[in-house]
Amino acid sequence: DGIRDYKVTGVQTCALPICRRRRRSSLVDRLTADYPTQAALGSRYAPFSNWLLRAWPTRWAMDRFLGLDRRRPLPTFHRNTLLSWFSRHRSLCRRPRGRVLLLADCFTNHHAPAVGRDAVELLETAGYQVYLAPICCGRALISKGFLEDARRLVQENVERLTPFVEDGVVILGLEPSCLFTLTDEWRDLVPGEATTMIARQSRLVETWLDQRARSEEHTSELQSPCNLVCRLLLEK
């Protein structure tokens, strides 16, 4: 049926839903696939957007026409997104010991900016200069079978990330599903050396910091990395 198996972190899972492109997409599919645009609008008009989405007529309509159960909690949109905060942020790092590229994924940027802010400050406290990448991984497009759209998006993102990767900058992510899309699905959609390099240099923030703390003798500079990582995880 066009679906093949592969392993992600030791767990057997399914790869790209190739068979999805053979059926006609529904309104729900299109809305889900275009969620990054909806999230941007939600943050722009917050808190009004939060009130509107929680109003009972809206919940009834989403339940009736979109199949979204009215009892299901909805994530909160934040007007002060991670990207808007970062544009005003002054780095805490005075003497960088390295550079990292942090992914500003859609969920963190619009729904959990506090997690992103903690990650930026955590990395800067650890001595790293942080760049923020407003990258949409394409997970929503892939999950609904819009693979050609996803492929074009990946190609654009690869062009933006490649200069950093070639310069030895590690890519860090906060949302596991987003990061694993970079390391796995991107290589299926756009095979080549560029996506392979991106996959090799992509890590979750907490995993990378733990590896750094174990491989280098700079625990004092990280100011108890275990405690800092725990703080980040608790915020999530």
# chains A, B, ... in the order shown; residues from 1 in each chain; ligands from 1
call {"tool": "residues_around", "arguments": {"residues": "A:Val100", "least_positions_apart": "6", "cutoff": "12 Å", "atoms": "only C-alpha atoms", "output": "ChimeraX atom specification"}}
result
/A:119-120,122-124,126-133,161,164-165,167-173,201-205,208-209
call {"tool": "residues_around", "arguments": {"residues": "A:Val190", "least_positions_apart": "2", "cutoff": "8 Å", "atoms": "only C-alpha atoms", "output": "list in words"}}
result
Arg151, Val154, Gln155, Trp186, Arg187, Asp188, Gly192 and Thr195 of chain A
call {"tool": "write_last_selection", "arguments": {"atoms": "N, CA, C and O atoms", "output": "PDB file, in the first residue's frame"}}
result
ATOM      1  N   ARG A 151       7.171  18.344   0.195  1.00  0.00           N
ATOM      2  CA  ARG A 151       8.490  18.278  -0.467  1.00  0.00           C
ATOM      3  C   ARG A 151       8.992  19.670  -0.830  1.00  0.00           C
ATOM      4  O   ARG A 151      10.172  19.984  -0.632  1.00  0.00           O
ATOM      5  N   VAL A 154      10.125  21.364   2.373  1.00  0.00           N
ATOM      6  CA  VAL A 154      11.406  20.816   2.838  1.00  0.00           C
ATOM      7  C   VAL A 154      12.555  21.373   2.006  1.00  0.00           C
ATOM      8  O   VAL A 154      13.610  21.737   2.545  1.00  0.00           O
ATOM      9  N   GLN A 155      12.383  21.447   0.709  1.00  0.00           N
ATOM     10  CA  GLN A 155      13.441  21.971  -0.156  1.00  0.00           C
ATOM     11  C   GLN A 155      13.788  23.415   0.215  1.00  0.00           C
ATOM     12  O   GLN A 155      14.965  23.795   0.237  1.00  0.00           O
ATOM     13  N   TRP A 186      12.310  13.997   6.216  1.00  0.00           N
ATOM     14  CA  TRP A 186      12.969  14.891   5.257  1.00  0.00           C
ATOM     15  C   TRP A 186      13.867  14.110   4.305  1.00  0.00           C
ATOM     16  O   TRP A 186      13.935  14.410   3.117  1.00  0.00           O
ATOM     17  N   ARG A 187      14.542  13.102   4.817  1.00  0.00           N
ATOM     18  CA  ARG A 187      15.443  12.315   3.967  1.00  0.00           C
ATOM     19  C   ARG A 187      14.671  11.467   2.964  1.00  0.00           C
ATOM     20  O   ARG A 187      15.193  11.138   1.894  1.00  0.00           O
ATOM     21  N   ASP A 188      13.435  11.093   3.312  1.00  0.00           N
ATOM     22  CA  ASP A 188      12.605  10.352   2.369  1.00  0.00           C
ATOM     23  C   ASP A 188      12.041  11.267   1.282  1.00  0.00           C
ATOM     24  O   ASP A 188      11.935  10.879   0.124  1.00  0.00           O
ATOM     25  N   GLY A 192      19.340  13.060  -0.277  1.00  0.00           N
ATOM     26  CA  GLY A 192      20.557  13.744  -0.686  1.00  0.00           C
ATOM     27  C   GLY A 192      21.455  14.042   0.488  1.00  0.00           C
ATOM     28  O   GLY A 192      21.106  13.810   1.653  1.00  0.00           O
ATOM     29  N   THR A 195      20.048  16.800   3.303  1.00  0.00           N
ATOM     30  CA  THR A 195      19.130  16.322   4.339  1.00  0.00           C
ATOM     31  C   THR A 195      19.819  15.317   5.260  1.00  0.00           C
ATOM     32  O   THR A 195      19.476  15.229   6.441  1.00  0.00           O
TER      33      THR A 195
END
call {"tool": "atom_distance", "arguments": {"atom1": "atom CA of A:Asp34", "atom2": "atom CA of A:Arg139"}}
result
10.4 Å
call {"tool": "closest_residue", "arguments": {"among": "A:His110, A:Arg214, A:Lys144, A:Arg94", "to": "A:Arg44", "atoms": "only C-alpha atoms"}}
result
A:His110
call {"tool": "closest_residue", "arguments": {"among": "A:Pro113, A:Gly138, A:Pro163, A:Pro176", "to": "A:Pro36", "atoms": "only C-alpha atoms"}}
result
A:Gly138
call {"tool": "atom_distance", "arguments": {"atom1": "atom CA of A:Leu82", "atom2": "atom CA of A:Ala39"}}
result
12.8 Å
call {"tool": "closest_residue", "arguments": {"among": "A:Arg152, A:Arg90, A:Arg200, A:Arg79", "to": "A:Leu41", "atoms": "only C-alpha atoms"}}
result
A:Arg79
call {"tool": "residues_around", "arguments": {"residues": "A:Pro47", "least_positions_apart": "2", "cutoff": "10 Å", "atoms": "only C-alpha atoms", "output": "PyMOL selection string"}}
result
chain A and resi 42-45+49-52+76-79
call {"tool": "write_last_selection", "arguments": {"atoms": "C-alpha atoms", "output": "tab-separated table (two decimals), in the first residue's frame"}}
result
chain	number	residue	atom	x	y	z
A	42	GLY	CA	-4.58	32.74	16.19
A	43	SER	CA	-1.57	34.38	17.82
A	44	ARG	CA	-2.07	37.63	15.94
A	45	TYR	CA	-5.61	38.02	17.25
A	49	SER	CA	-9.06	34.04	19.14
A	50	ASN	CA	-8.89	31.99	22.36
A	51	TRP	CA	-12.27	33.28	23.49
A	52	LEU	CA	-13.81	32.62	20.09
A	76	THR	CA	-3.95	28.56	23.96
A	77	PHE	CA	-2.63	31.06	21.44
A	78	HIS	CA	-0.11	33.65	22.66
A	79	ARG	CA	0.24	37.06	21.09
call {"tool": "select_by_dssp", "arguments": {"residues": "stretch 73-140 of chain A", "states": "helix (DSSP H, G or I)", "output": "JSON, numbers by chain"}}
result
{"A": [82, 83, 84, 85, 86, 87, 88, 106, 107, 108, 109, 110, 113, 114, 115, 116, 117, 118, 119, 120, 121, 122, 123, 124, 125, 139, 140]}
call {"tool": "closest_residue", "arguments": {"among": "A:Arg30, A:Arg72, A:His89, A:Arg64", "to": "A:Arg117", "atoms": "only C-alpha atoms"}}
result
A:His89
call {"tool": "closest_residue", "arguments": {"among": "A:Cys136, A:Ala104, A:Met197, A:Leu92", "to": "A:Gly116", "atoms": "only C-alpha atoms"}}
result
A:Ala104
call {"tool": "atom_distance", "arguments": {"atom1": "atom CA of A:Glu121", "atom2": "atom CA of A:Trp85"}}
result
12.0 Å
call {"tool": "select_by_dssp", "arguments": {"residues": "stretch 107-205 of chain A", "states": "strand (DSSP E)", "output": "list in words"}}
result
Tyr128, Gln129, Val130, Tyr131, Leu132, Ala133, Val170, Ile171, Leu172, Gly173, Ser202, Arg203 and Leu204 of chain A
call {"tool": "closest_residue", "arguments": {"among": "A:Leu27, A:Trp60, A:Phe48, A:Cys178", "to": "A:Ala140", "atoms": "only C-alpha atoms"}}
result
A:Cys178
call {"tool": "decode", "arguments": {"residues": "stretch 186-201 of chain A", "atoms": "all heavy atoms", "output": "tab-separated table (two decimals), in the first residue's frame"}}
result
chain	number	residue	atom	x	y	z
A	186	TRP	N	12.31	14.00	6.22
A	186	TRP	CA	12.97	14.89	5.26
A	186	TRP	C	13.87	14.11	4.30
A	186	TRP	O	13.93	14.41	3.12
A	186	TRP	CB	13.79	15.95	6.00
A	186	TRP	CG	12.97	17.11	6.47
A	186	TRP	CD1	11.63	17.11	6.76
A	186	TRP	CD2	13.44	18.43	6.72
A	186	TRP	NE1	11.23	18.35	7.18
A	186	TRP	CE2	12.32	19.18	7.17
A	186	TRP	CE3	14.67	19.05	6.64
A	186	TRP	CZ2	12.41	20.54	7.51
A	186	TRP	CZ3	14.78	20.39	6.98
A	186	TRP	CH2	13.65	21.13	7.41
A	187	ARG	N	14.54	13.10	4.82
A	187	ARG	CA	15.44	12.31	3.97
A	187	ARG	C	14.67	11.47	2.96
A	187	ARG	O	15.19	11.14	1.89
A	187	ARG	CB	16.34	11.44	4.83
A	187	ARG	CG	17.41	12.22	5.57
A	187	ARG	CD	18.36	11.31	6.31
A	187	ARG	NE	17.71	10.60	7.40
A	187	ARG	CZ	18.29	9.67	8.14
A	187	ARG	NH1	19.55	9.32	7.87
A	187	ARG	NH2	17.65	9.09	9.12
A	188	ASP	N	13.43	11.09	3.31
A	188	ASP	CA	12.61	10.35	2.37
A	188	ASP	C	12.04	11.27	1.28
A	188	ASP	O	11.94	10.88	0.12
A	188	ASP	CB	11.44	9.67	3.11
A	188	ASP	CG	11.91	8.47	3.92
A	188	ASP	OD1	12.88	7.83	3.51
A	188	ASP	OD2	11.30	8.20	4.98
A	189	LEU	N	11.65	12.48	1.69
A	189	LEU	CA	11.05	13.41	0.74
A	189	LEU	C	12.08	14.01	-0.21
A	189	LEU	O	11.83	14.17	-1.40
A	189	LEU	CB	10.33	14.53	1.50
A	189	LEU	CG	9.00	14.16	2.16
A	189	LEU	CD1	8.55	15.27	3.11
A	189	LEU	CD2	7.93	13.92	1.11
A	190	VAL	N	13.24	14.36	0.35
A	190	VAL	CA	14.29	15.00	-0.45
A	190	VAL	C	15.61	14.28	-0.18
A	190	VAL	O	16.44	14.75	0.62
A	190	VAL	CB	14.42	16.50	-0.13
A	190	VAL	CG1	15.45	17.16	-1.05
A	190	VAL	CG2	13.08	17.21	-0.25
A	191	PRO	N	15.81	13.12	-0.78
A	191	PRO	CA	17.06	12.38	-0.55
A	191	PRO	C	18.27	13.17	-1.03
A	191	PRO	O	18.20	13.89	-2.02
A	191	PRO	CB	16.86	11.11	-1.40
A	191	PRO	CG	15.39	11.03	-1.67
A	191	PRO	CD	14.91	12.45	-1.72
A	192	GLY	N	19.34	13.06	-0.28
A	192	GLY	CA	20.56	13.74	-0.69
A	192	GLY	C	21.46	14.04	0.49
A	192	GLY	O	21.11	13.81	1.65
A	193	GLU	N	22.63	14.56	0.17
A	193	GLU	CA	23.62	14.85	1.20
A	193	GLU	C	23.16	15.93	2.15
A	193	GLU	O	23.46	15.89	3.35
A	193	GLU	CB	24.95	15.26	0.53
A	193	GLU	CG	26.08	15.52	1.52
A	193	GLU	CD	26.44	14.31	2.35
A	193	GLU	OE1	26.22	13.18	1.88
A	193	GLU	OE2	26.95	14.48	3.47
A	194	ALA	N	22.41	16.92	1.66
A	194	ALA	CA	21.99	18.04	2.50
A	194	ALA	C	21.07	17.57	3.63
A	194	ALA	O	21.27	17.92	4.80
A	194	ALA	CB	21.29	19.10	1.66
A	195	THR	N	20.05	16.80	3.30
A	195	THR	CA	19.13	16.32	4.34
A	195	THR	C	19.82	15.32	5.26
A	195	THR	O	19.48	15.23	6.44
A	195	THR	CB	17.89	15.68	3.70
A	195	THR	OG1	18.29	14.73	2.70
A	195	THR	CG2	16.99	16.72	3.08
A	196	THR	N	20.79	14.58	4.73
A	196	THR	CA	21.54	13.65	5.57
A	196	THR	C	22.37	14.41	6.60
A	196	THR	O	22.44	14.03	7.78
A	196	THR	CB	22.45	12.76	4.71
A	196	THR	OG1	21.64	12.00	3.80
A	196	THR	CG2	23.26	11.81	5.58
A	197	MET	N	23.02	15.49	6.17
A	197	MET	CA	23.81	16.31	7.10
A	197	MET	C	22.92	16.94	8.16
A	197	MET	O	23.29	17.01	9.33
A	197	MET	CB	24.57	17.39	6.33
A	197	MET	CG	25.76	16.89	5.53
A	197	MET	SD	26.83	18.27	5.00
A	197	MET	CE	25.67	19.33	4.14
A	198	ILE	N	21.76	17.42	7.75
A	198	ILE	CA	20.83	18.03	8.70
A	198	ILE	C	20.41	17.00	9.74
A	198	ILE	O	20.35	17.30	10.95
A	198	ILE	CB	19.61	18.60	7.95
A	198	ILE	CG1	20.00	19.84	7.16
A	198	ILE	CG2	18.48	18.93	8.94
A	198	ILE	CD1	18.92	20.37	6.24
A	199	ALA	N	20.12	15.78	9.30
A	199	ALA	CA	19.72	14.72	10.23
A	199	ALA	C	20.83	14.40	11.23
A	199	ALA	O	20.58	14.21	12.42
A	199	ALA	CB	19.33	13.47	9.45
A	200	ARG	N	22.07	14.38	10.75
A	200	ARG	CA	23.20	14.05	11.61
A	200	ARG	C	23.44	15.10	12.68
A	200	ARG	O	23.91	14.79	13.78
A	200	ARG	CB	24.47	13.90	10.76
A	200	ARG	CG	24.51	12.65	9.90
A	200	ARG	CD	25.73	12.70	8.98
A	200	ARG	NE	25.80	11.53	8.11
A	200	ARG	CZ	26.61	11.46	7.05
A	200	ARG	NH1	27.41	12.49	6.75
A	200	ARG	NH2	26.62	10.37	6.30
A	201	GLN	N	23.12	16.35	12.36
A	201	GLN	CA	23.43	17.44	13.29
A	201	GLN	C	22.20	17.95	14.03
A	201	GLN	O	22.22	19.05	14.58
A	201	GLN	CB	24.09	18.60	12.53
A	201	GLN	CG	25.50	18.23	12.07
A	201	GLN	CD	26.20	19.39	11.37
A	201	GLN	OE1	26.96	19.18	10.44
A	201	GLN	NE2	25.96	20.62	11.83
